[in-house]
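Quick notes on the structure that follows.
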Amino acid sequence: VLLTDGRATVAARPGGDPVADACRAAGLLAADGVHTVVVDCESGPVRLGLAGTVAGHAGAELVRLDELSAESVANVVTRAA
């Protein structure tokens, strides 16, 4: 389970693209067969949707933080397993 707003702030190498690095890491999870759920913690009036981008690269289900309840978390984890 990855909790993120998707706003990567530190690149893996100087001058690199932190969002591209995060997406590449998410793709590696998918390639390794890791079942992933991304919880989008982004809030506020400006939403970039980057958690959804990361989820797409991970082949993960995306759930918004405000959609979560104990029951919905259990359902998401069960589907991902």
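Residue numbers start at 1 in each chain; chains themselves are named A, B, ... in the order of the structure tokens; ligands are numbered from 1 in the order shown.
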Give me, as a PyMOL selection string, the residues of chain A that a backbone DSSP run labels strand (DSSP E or B).
chain A and resi 2-4+37-40+61-64
Since we have the selection now, will you write its residues out, keeping C-alpha atoms, as a compact mmCIF listing (two decimals), in the first residue's frame?
# COMPACT_ATOMS: atom_id res chain seq x y z
CA LEU A 2 1.51 3.29 -1.14
CA LEU A 3 0.26 6.51 0.46
CA THR A 4 1.21 9.47 -1.72
CA VAL A 37 -2.71 -0.22 -3.94
CA VAL A 38 -2.10 3.52 -4.20
CA VAL A 39 -3.93 5.78 -1.76
CA ASP A 40 -4.07 9.29 -3.21
CA GLU A 61 -5.77 0.24 -7.91
CA LEU A 62 -6.11 3.91 -7.00
CA VAL A 63 -8.19 4.96 -4.01
CA ARG A 64 -8.67 8.55 -2.86
Nearest to Val34 (chain A), chosen from A:Gly59, A:Arg7, A:Ala70, A:Pro14, with only C-alpha atoms counted in the distances:
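Among A:Gly59, A:Arg7, A:Ala70, A:Pro14, it is A:Gly59 that comes nearest to Val34 (chain A).
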Hey, what's within 9 Å of Thr9 (chain A) if we count only C-alpha atoms and toss same-chain stuff fewer than 4 positions away? As an mmCIF file with all heavy atoms, in the first residue's frame, please?
data_model
loop_
_atom_site.group_PDB
_atom_site.id
_atom_site.type_symbol
_atom_site.label_atom_id
_atom_site.label_comp_id
_atom_site.auth_asym_id
_atom_site.auth_seq_id
_atom_site.Cartn_x
_atom_site.Cartn_y
_atom_site.Cartn_z
ATOM 1 N N ASP A 17 14.478 13.751 -13.253
ATOM 2 C CA ASP A 17 13.052 14.058 -13.139
ATOM 3 C C ASP A 17 12.453 13.200 -12.035
ATOM 4 O O ASP A 17 12.304 11.989 -12.202
ATOM 5 C CB ASP A 17 12.375 13.774 -14.478
ATOM 6 C CG ASP A 17 10.882 14.048 -14.471
ATOM 7 O OD1 ASP A 17 10.279 14.227 -13.394
ATOM 8 O OD2 ASP A 17 10.305 14.076 -15.574
ATOM 9 N N PRO A 18 12.094 13.793 -10.883
ATOM 10 C CA PRO A 18 11.609 12.989 -9.769
ATOM 11 C C PRO A 18 10.306 12.240 -10.056
ATOM 12 O O PRO A 18 10.126 11.122 -9.592
ATOM 13 C CB PRO A 18 11.431 13.995 -8.631
ATOM 14 C CG PRO A 18 11.475 15.335 -9.237
ATOM 15 C CD PRO A 18 12.189 15.211 -10.542
ATOM 16 N N VAL A 19 9.415 12.831 -10.835
ATOM 17 C CA VAL A 19 8.155 12.137 -11.155
ATOM 18 C C VAL A 19 8.446 10.939 -12.062
ATOM 19 O O VAL A 19 7.906 9.855 -11.845
ATOM 20 C CB VAL A 19 7.128 13.096 -11.788
ATOM 21 C CG1 VAL A 19 5.889 12.338 -12.249
ATOM 22 C CG2 VAL A 19 6.735 14.193 -10.802
#
Could you jot down the CA of Gly52 (chain A) to CA of Cys23 (chain A) separation for me, Å, one decimal place?
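About the pair CA of Gly52 (chain A) and CA of Cys23 (chain A): they are 10.3 Å apart.
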Which residues are near Leu48 (chain A)? Cut-off 9 Å, only C-alpha atoms, ignore same chain within fewer than 2 positions. Put them as a PyMOL selection string.
chain A and resi 5-7+42+46+50-51
Writer output for current selection, all heavy atoms, as a compact mmCIF listing (two decimals), in the first residue's frame:
# COMPACT_ATOMS: atom_id res chain seq x y z
N ASP A 5 0.82 11.71 -2.48
CA ASP A 5 0.13 12.72 -3.27
C ASP A 5 0.70 12.72 -4.69
O ASP A 5 0.24 13.45 -5.55
CB ASP A 5 0.22 14.10 -2.63
CG ASP A 5 1.64 14.64 -2.53
OD1 ASP A 5 2.58 13.96 -2.98
OD2 ASP A 5 1.80 15.74 -1.98
N GLY A 6 1.73 11.89 -4.89
CA GLY A 6 2.34 11.76 -6.21
C GLY A 6 3.36 12.82 -6.53
O GLY A 6 4.02 12.76 -7.56
N ARG A 7 3.51 13.79 -5.67
CA ARG A 7 4.43 14.90 -5.94
C ARG A 7 5.84 14.52 -5.50
O ARG A 7 6.26 14.82 -4.40
CB ARG A 7 3.96 16.16 -5.23
CG ARG A 7 2.62 16.63 -5.76
CD ARG A 7 2.13 17.84 -5.01
NE ARG A 7 0.77 18.13 -5.43
CZ ARG A 7 0.24 19.32 -5.40
NH1 ARG A 7 0.92 20.36 -4.97
NH2 ARG A 7 -1.00 19.50 -5.81
N GLU A 42 -3.60 13.44 -2.02
CA GLU A 42 -3.58 14.83 -2.49
C GLU A 42 -4.85 15.54 -2.03
O GLU A 42 -5.95 15.00 -2.07
CB GLU A 42 -3.50 14.84 -4.02
CG GLU A 42 -3.24 16.19 -4.60
CD GLU A 42 -2.93 16.12 -6.08
OE1 GLU A 42 -3.50 15.28 -6.79
OE2 GLU A 42 -2.11 16.93 -6.52
N VAL A 46 -5.87 22.69 -5.84
CA VAL A 46 -5.10 22.32 -7.03
C VAL A 46 -4.66 20.87 -6.89
O VAL A 46 -3.89 20.52 -6.01
CB VAL A 46 -3.86 23.23 -7.20
CG1 VAL A 46 -3.04 22.79 -8.39
CG2 VAL A 46 -4.28 24.68 -7.34
N LEU A 50 -1.08 13.18 -9.87
CA LEU A 50 0.14 12.40 -10.06
C LEU A 50 0.09 11.03 -9.39
O LEU A 50 0.73 10.09 -9.86
CB LEU A 50 1.36 13.19 -9.57
CG LEU A 50 1.64 14.46 -10.37
CD1 LEU A 50 2.74 15.27 -9.70
CD2 LEU A 50 2.00 14.13 -11.80
N ALA A 51 -0.66 10.89 -8.31
CA ALA A 51 -0.80 9.57 -7.68
C ALA A 51 -1.43 8.59 -8.66
O ALA A 51 -1.06 7.42 -8.71
CB ALA A 51 -1.61 9.67 -6.40
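Closest approach to Gly27 (chain A) from the set A:Asp66, A:Thr78, A:Val73, A:Ala60 is made by A:Ala60, with distances taken over only C-alpha atoms.
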Any chance you could list, as a ChimeraX atom specification, the residues in chain A that come up helix (DSSP H, G or I) when DSSP is run on the backbone?
/A:18-31,50-58,65-67,70-80
Could those residues be written to a file, using C-alpha atoms, as a tab-separated table (two decimals), in the first residue's frame?
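Output file out16.tsv is given in full below:
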chain	number	residue	atom	x	y	z
A	18	PRO	CA	11.61	12.99	-9.77
A	19	VAL	CA	8.16	12.14	-11.15
A	20	ALA	CA	9.68	10.00	-13.93
A	21	ASP	CA	11.84	8.26	-11.30
A	22	ALA	CA	8.76	7.52	-9.16
A	23	CYS	CA	6.93	6.12	-12.19
A	24	ARG	CA	9.94	4.00	-13.12
A	25	ALA	CA	10.04	2.60	-9.55
A	26	ALA	CA	6.31	1.87	-9.73
A	27	GLY	CA	6.86	0.03	-13.01
A	28	LEU	CA	9.53	-2.09	-11.36
A	29	LEU	CA	7.02	-3.11	-8.69
A	30	ALA	CA	4.60	-4.19	-11.40
A	31	ALA	CA	7.35	-6.06	-13.27
A	50	LEU	CA	0.14	12.40	-10.06
A	51	ALA	CA	-0.80	9.57	-7.68
A	52	GLY	CA	-2.97	8.22	-10.48
A	53	THR	CA	-0.01	8.36	-12.83
A	54	VAL	CA	2.12	6.40	-10.37
A	55	ALA	CA	-0.72	3.91	-9.86
A	56	GLY	CA	-0.97	3.40	-13.62
A	57	HIS	CA	2.73	2.53	-13.86
A	58	ALA	CA	2.40	0.13	-10.92
A	65	LEU	CA	-8.04	9.18	0.81
A	66	ASP	CA	-11.52	10.62	1.32
A	67	GLU	CA	-13.03	7.38	-0.06
A	70	ALA	CA	-12.21	0.26	7.27
A	71	GLU	CA	-14.50	-1.73	4.98
A	72	SER	CA	-13.22	-0.17	1.76
A	73	VAL	CA	-9.58	-0.76	2.78
A	74	ALA	CA	-10.34	-4.42	3.46
A	75	ASN	CA	-12.07	-4.74	0.07
A	76	VAL	CA	-9.22	-3.09	-1.82
A	77	VAL	CA	-6.57	-5.25	-0.14
A	78	THR	CA	-8.61	-8.41	-0.75
A	79	ARG	CA	-8.97	-7.58	-4.46
A	80	ALA	CA	-5.24	-6.83	-4.77
Taken to one decimal, the CA of Ser43 (chain A)-CA of Leu68 (chain A) distance is 14.1 Å
